[in-house]
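Colleague: Submitted below is the structure of interest, expressed as structure tokens.
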Amino acid sequence: MPLVTTPAIVLSALRYGETSKIVRLATREHGVQSAIAKGALRPRSRFGASLQVLSEGQAQYLAKEQRELHILTAFDLLHLHVALAGDLPRYATASVLGEVMLRFAPPDPHPESYDLFRDALEALGQAPTPDVDALGFRLLWHLVSVLGFAPSLEACARDGIRLPETGALPFSTREGGALCPACAAEHGATQLPADAREDLTALLDPGAALPRLDGRHGAAHRRLLARYVRYHLAEGAELPALEFWLRRPWEAA
Amino acid sequence: MSAIEALITELARLPGIGRKTAQRLTFHLLQQPPEQAGRLASALVAVSERVRPCEQCGNLTEEQPCAICRDPRRDPALLCVVEDASAVAVVDRSTDFRGRYHVLGGRLSPLDGIGPESLRLDPLVARVRGGEVREVILATNPSMEGEVTATYIQQLLAGLNVRVTRLARGLPMGGDLEYVDGVTLAHALVARQEVS
């Protein structure tokens with residue numbers, strides 16, 4: 001069994017038996033992998049407090065060929081991202097990012113998504129509270145884009161015809177972006193108002209200033225993003241963190 | 001489905017018990033005198049019929065309110081908030097804490113879809129508003145989810161004129177600095193105490 005050493009972030013940690021944990025790891029070199037951390041729950045375990053959800057470190061595991069569950073031998077903690085636990089909206093957003101990685105990142109090397117996810121957790125932890133919402137939108141759109149589902153806004157998602165640079169646009173979640181009038185008439189689309197288009201363009205551009213989204217626009221954008229993720233990535237699977245983030249239960253308190 | 005198969009299936013639903021262990025337990029039970037299986041069955045039925053969450057604190061009990069809430073020697077001004085009823089037993093057995101408890105029934109976990117509405121937070125706020133509680137001790141687990149739950153409760157109780165504290169985190173007794181992880185050591189350093 002070859003020993004693999006790779007940067008990794010814990011996506012989920014399940015208790016297994018009396019003393020062990022099964023973890024799903026986003027690894028930089030090998031995609032999403034599962035491993036058992038034997039004895040991780042013992043008081044004097046070598047894993048200590050390192051196997052928390054969203055903790056970042058250097059993982060070492062014995063890779064079992066043809067098997068889906070490897071043996072985690074070490075996890076040297078580099079960053080625990082405790083700032084994410086500073087408030088529920090921040091943690092909920094980080095959880096959606098983790099869920100997207102957990103469900104949709106491939107079990108093959110995909111450093112782009114790993115690097116983006118790692119940087120996203122750091123940015124989210126450091127963001128001022130009023131920016132958490134908009135930053136969360138931007139990070140999620142970027143992660144979706146890196147995973148190969150970037151929404152098209154400049155050209156028709158069906159026939160590639162260039163679209164006007166400003167103004168409202170027909171948008172189809174199913175087709176993966178904006179449509180030209182002909183394709184919209186044929187395949188159906190909802191109208192993306194000019195200001196929502198501007199916001200989405202700014203969110204997709206890492207160099208642009210974060211748009212200020214009021215409650216109504218934020219809610220509409222959240223629904224659009226959730227619909228997009230569900231359609232392109234979920235394939236009917238349940239996404240509890242996404243649903244949690246969508247219904248914002250902390251607002252009812 | 002045969003009776004043996006039905007028992008194996010039910011046992012295998014329990015946490016930490018796979019199908020092989022369920023089979024072993026089933027055949028072990030079959031080798032015992034019938035009275036032993038009967039006692040086990042009776043105990044299971046009694047637990048499910050008689051044990052309920054305490055209406056005040058959420059701890060598991062056969063009587064309302066539970067023995068801890070009824071105990072007049074306990075300090076009602078101290079309230080220890082824990083995730084699950086099992087933690088009540090651990091804290092009560094291992095420490096000389098003589099206050100009362102509040103069981104949340106879980107912790108905030110977006111990945112499991114568990115939000116504030118799934119926890120016993122309204123009863124907690126009501127107990128604090130009742131005016132008897134002077135200090136709420138947040139004893140949620142030292143995990144990310146436990147931390148976010150503690151932070152959420154702290155924000156929920158802000159302005160209710162109650163002291164909110166969190167269990168300290170640090171080095172375990174009998175441990176060895178060489179083997180302590182950086183996070184625990186960092187917490188221990190931040191929460192260091194003066195020795196006099």
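Residue names in the structure tokens use chain letters A, B, ... in the order shown, residue numbers from 1 in each chain, and ligand numbers from 1 in the order shown.
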Where does DSSP see helix (DSSP H, G or I) in segment 69-108 of chain B, if you list the residues as a PyMOL selection string?

Modeller: chain B and resi 69-70+85-94

Colleague: Dump all heavy atoms for the selected residues as a PDB file, in the first residue's frame?

Modeller:
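Printed below is selection-v8.pdb as written:
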```
ATOM      1  N   CYS B  69     -33.761  18.118  38.069  1.00  0.00           N
ATOM      2  CA  CYS B  69     -34.598  19.330  38.157  1.00  0.00           C
ATOM      3  C   CYS B  69     -35.375  19.363  39.486  1.00  0.00           C
ATOM      4  O   CYS B  69     -35.709  20.432  39.982  1.00  0.00           O
ATOM      5  CB  CYS B  69     -35.567  19.402  36.976  1.00  0.00           C
ATOM      6  SG  CYS B  69     -34.752  19.752  35.414  1.00  0.00           S
ATOM      7  N   ARG B  70     -35.665  18.179  40.036  1.00  0.00           N
ATOM      8  CA  ARG B  70     -36.441  18.123  41.301  1.00  0.00           C
ATOM      9  C   ARG B  70     -35.566  18.368  42.532  1.00  0.00           C
ATOM     10  O   ARG B  70     -36.071  18.728  43.580  1.00  0.00           O
ATOM     11  CB  ARG B  70     -37.070  16.732  41.456  1.00  0.00           C
ATOM     12  CG  ARG B  70     -38.308  16.487  40.654  1.00  0.00           C
ATOM     13  CD  ARG B  70     -39.108  15.320  41.250  1.00  0.00           C
ATOM     14  NE  ARG B  70     -38.306  14.165  41.608  1.00  0.00           N
ATOM     15  CZ  ARG B  70     -38.017  13.154  40.790  1.00  0.00           C
ATOM     16  NH1 ARG B  70     -38.471  13.168  39.560  1.00  0.00           N
ATOM     17  NH2 ARG B  70     -37.280  12.139  41.200  1.00  0.00           N
ATOM     18  N   ALA B  85     -28.401  14.250  25.983  1.00  0.00           N
ATOM     19  CA  ALA B  85     -28.656  13.760  27.337  1.00  0.00           C
ATOM     20  C   ALA B  85     -27.470  12.946  27.852  1.00  0.00           C
ATOM     21  O   ALA B  85     -27.194  12.947  29.056  1.00  0.00           O
ATOM     22  CB  ALA B  85     -29.920  12.928  27.346  1.00  0.00           C
ATOM     23  N   SER B  86     -26.746  12.278  26.948  1.00  0.00           N
ATOM     24  CA  SER B  86     -25.609  11.472  27.411  1.00  0.00           C
ATOM     25  C   SER B  86     -24.551  12.354  28.069  1.00  0.00           C
ATOM     26  O   SER B  86     -23.830  11.907  28.970  1.00  0.00           O
ATOM     27  CB  SER B  86     -25.003  10.688  26.247  1.00  0.00           C
ATOM     28  OG  SER B  86     -24.611  11.577  25.230  1.00  0.00           O
ATOM     29  N   ALA B  87     -24.458  13.613  27.646  1.00  0.00           N
ATOM     30  CA  ALA B  87     -23.462  14.518  28.227  1.00  0.00           C
ATOM     31  C   ALA B  87     -23.820  14.899  29.662  1.00  0.00           C
ATOM     32  O   ALA B  87     -22.931  15.206  30.456  1.00  0.00           O
ATOM     33  CB  ALA B  87     -23.312  15.766  27.363  1.00  0.00           C
ATOM     34  N   VAL B  88     -25.109  14.878  29.998  1.00  0.00           N
ATOM     35  CA  VAL B  88     -25.529  15.183  31.370  1.00  0.00           C
ATOM     36  C   VAL B  88     -24.890  14.174  32.314  1.00  0.00           C
ATOM     37  O   VAL B  88     -24.300  14.536  33.339  1.00  0.00           O
ATOM     38  CB  VAL B  88     -27.063  15.143  31.509  1.00  0.00           C
ATOM     39  CG1 VAL B  88     -27.477  15.266  32.965  1.00  0.00           C
ATOM     40  CG2 VAL B  88     -27.698  16.250  30.684  1.00  0.00           C
ATOM     41  N   ALA B  89     -25.001  12.925  31.928  1.00  0.00           N
ATOM     42  CA  ALA B  89     -24.444  11.868  32.777  1.00  0.00           C
ATOM     43  C   ALA B  89     -22.932  12.032  32.909  1.00  0.00           C
ATOM     44  O   ALA B  89     -22.378  11.876  34.005  1.00  0.00           O
ATOM     45  CB  ALA B  89     -24.784  10.502  32.184  1.00  0.00           C
ATOM     46  N   VAL B  90     -22.262  12.368  31.804  1.00  0.00           N
ATOM     47  CA  VAL B  90     -20.801  12.497  31.835  1.00  0.00           C
ATOM     48  C   VAL B  90     -20.392  13.646  32.754  1.00  0.00           C
ATOM     49  O   VAL B  90     -19.534  13.481  33.630  1.00  0.00           O
ATOM     50  CB  VAL B  90     -20.253  12.732  30.399  1.00  0.00           C
ATOM     51  CG1 VAL B  90     -18.769  13.052  30.441  1.00  0.00           C
ATOM     52  CG2 VAL B  90     -20.505  11.519  29.536  1.00  0.00           C
ATOM     53  N   VAL B  91     -21.012  14.818  32.578  1.00  0.00           N
ATOM     54  CA  VAL B  91     -20.634  15.983  33.394  1.00  0.00           C
ATOM     55  C   VAL B  91     -20.976  15.718  34.857  1.00  0.00           C
ATOM     56  O   VAL B  91     -20.180  15.999  35.754  1.00  0.00           O
ATOM     57  CB  VAL B  91     -21.358  17.260  32.881  1.00  0.00           C
ATOM     58  CG1 VAL B  91     -21.054  18.453  33.799  1.00  0.00           C
ATOM     59  CG2 VAL B  91     -20.936  17.576  31.463  1.00  0.00           C
ATOM     60  N   ASP B  92     -22.146  15.159  35.096  1.00  0.00           N
ATOM     61  CA  ASP B  92     -22.592  14.957  36.468  1.00  0.00           C
ATOM     62  C   ASP B  92     -21.756  13.913  37.208  1.00  0.00           C
ATOM     63  O   ASP B  92     -21.495  14.031  38.391  1.00  0.00           O
ATOM     64  CB  ASP B  92     -24.066  14.541  36.468  1.00  0.00           C
ATOM     65  CG  ASP B  92     -24.824  15.268  37.552  1.00  0.00           C
ATOM     66  OD1 ASP B  92     -24.740  16.516  37.593  1.00  0.00           O
ATOM     67  OD2 ASP B  92     -25.464  14.601  38.377  1.00  0.00           O
ATOM     68  N   ARG B  93     -21.330  12.900  36.471  1.00  0.00           N
ATOM     69  CA  ARG B  93     -20.563  11.821  37.091  1.00  0.00           C
ATOM     70  C   ARG B  93     -19.122  12.256  37.341  1.00  0.00           C
ATOM     71  O   ARG B  93     -18.519  11.881  38.330  1.00  0.00           O
ATOM     72  CB  ARG B  93     -20.591  10.597  36.169  1.00  0.00           C
ATOM     73  CG  ARG B  93     -20.141   9.308  36.813  1.00  0.00           C
ATOM     74  CD  ARG B  93     -20.286   8.140  35.860  1.00  0.00           C
ATOM     75  NE  ARG B  93     -19.593   8.362  34.605  1.00  0.00           N
ATOM     76  CZ  ARG B  93     -20.137   8.231  33.407  1.00  0.00           C
ATOM     77  NH1 ARG B  93     -21.394   7.900  33.284  1.00  0.00           N
ATOM     78  NH2 ARG B  93     -19.444   8.442  32.303  1.00  0.00           N
ATOM     79  N   SER B  94     -18.590  13.078  36.414  1.00  0.00           N
ATOM     80  CA  SER B  94     -17.155  13.355  36.448  1.00  0.00           C
ATOM     81  C   SER B  94     -16.795  14.632  37.185  1.00  0.00           C
ATOM     82  O   SER B  94     -15.623  14.896  37.407  1.00  0.00           O
ATOM     83  CB  SER B  94     -16.610  13.464  35.011  1.00  0.00           C
ATOM     84  OG  SER B  94     -17.185  12.491  34.201  1.00  0.00           O
TER      85      SER B  94
END
```

Colleague: Please return, as an NGL selection string, all residues of chain A lying within 6 Å of chain B when only C-alpha atoms are considered.

Modeller: :A and (17 or 48 or 85 or 92 or 240-241 or 244)

Colleague: Which residues, written as a list of chain:residue names, have at least one atom at most 9 Å from segment 203-207 of chain A, with only C-alpha atoms counted and residues fewer than 6 positions away on the same chain left out?

Modeller: A:Ala134, A:Leu135, A:Phe137, A:Arg138, A:Leu139, A:Trp141, A:His142, A:Ser145, A:Ala150, A:Pro151

Colleague: Mind giving me the straight-line distance from atom CA of Leu3 of chain A to atom CA of Glu18 of chain A in Å, one decimal?

Modeller: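 Value for the atom CA of Leu3 of chain A-atom CA of Glu18 of chain A distance: 25.8 Å.
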
Colleague: Taking 5 positions as the minimum chain separation for residues in the same chain, which residues sit within 9 Å of Lys20 of chain B when counting only C-alpha atoms? Answer as a list of chain:residue names.

Modeller: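 What passes the distance filter is B:Ile8, B:Ala12, B:Leu25.
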
Colleague: Could you work out how far atom CA of Gly57 of chain A lies from atom CA of Val10 of chain A, giving the answer in Å with one decimal?

Modeller: 8.5 Å

Colleague: Give me the residues within 7 Å of Asn59 of chain B as a list in words, counting only C-alpha atoms and dropping any in the same chain fewer than 4 places off.

Modeller: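 Once the adjacent positions are removed, what remains is Pro53, Cys54, Ala85 and Val103 of chain B.
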
Colleague: With only C-alpha atoms as the atoms that count, which of B:Arg50, B:Arg98, B:Ala168, B:Leu40 lies nearest to Ile68 of chain B?

Modeller: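 Closest candidate: B:Arg98.
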
Colleague: Which is closest to Val133 of chain B among B:Pro76, B:Gly105, B:Gly159, B:Gly99, if we use only C-alpha atoms?

Modeller: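 Smallest distance to Val133 of chain B is found for B:Pro76.
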
Colleague: Using DSSP on the backbone coordinates, identify all residues within segment 34-242 of chain A classified as strand (DSSP E or B); present the result as JSON, numbers by chain.

Modeller: {"A": [34, 35, 36, 37, 56, 57, 58, 59, 60, 61, 62, 69, 70, 71, 72, 73, 74, 75, 76, 77, 78, 79, 152, 155, 162, 169, 170, 171, 172, 177, 178, 190, 191, 192]}

Colleague: Between A:Ser55, A:Thr190, A:Thr5, A:Thr129, which residue has the minimum interatomic distance to Arg24 of chain A, considering only C-alpha atoms?

Modeller: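 Using only C-alpha atoms, the shortest distance to Arg24 of chain A belongs to A:Ser55.
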
Colleague: Ranking A:Gln52, A:Leu102, A:Pro7, A:Leu78 by minimum distance to Ser34 of chain A and counting only C-alpha atoms, which one comes first?

Modeller: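 For Ser34 of chain A, the nearest of the given residues is A:Leu102.
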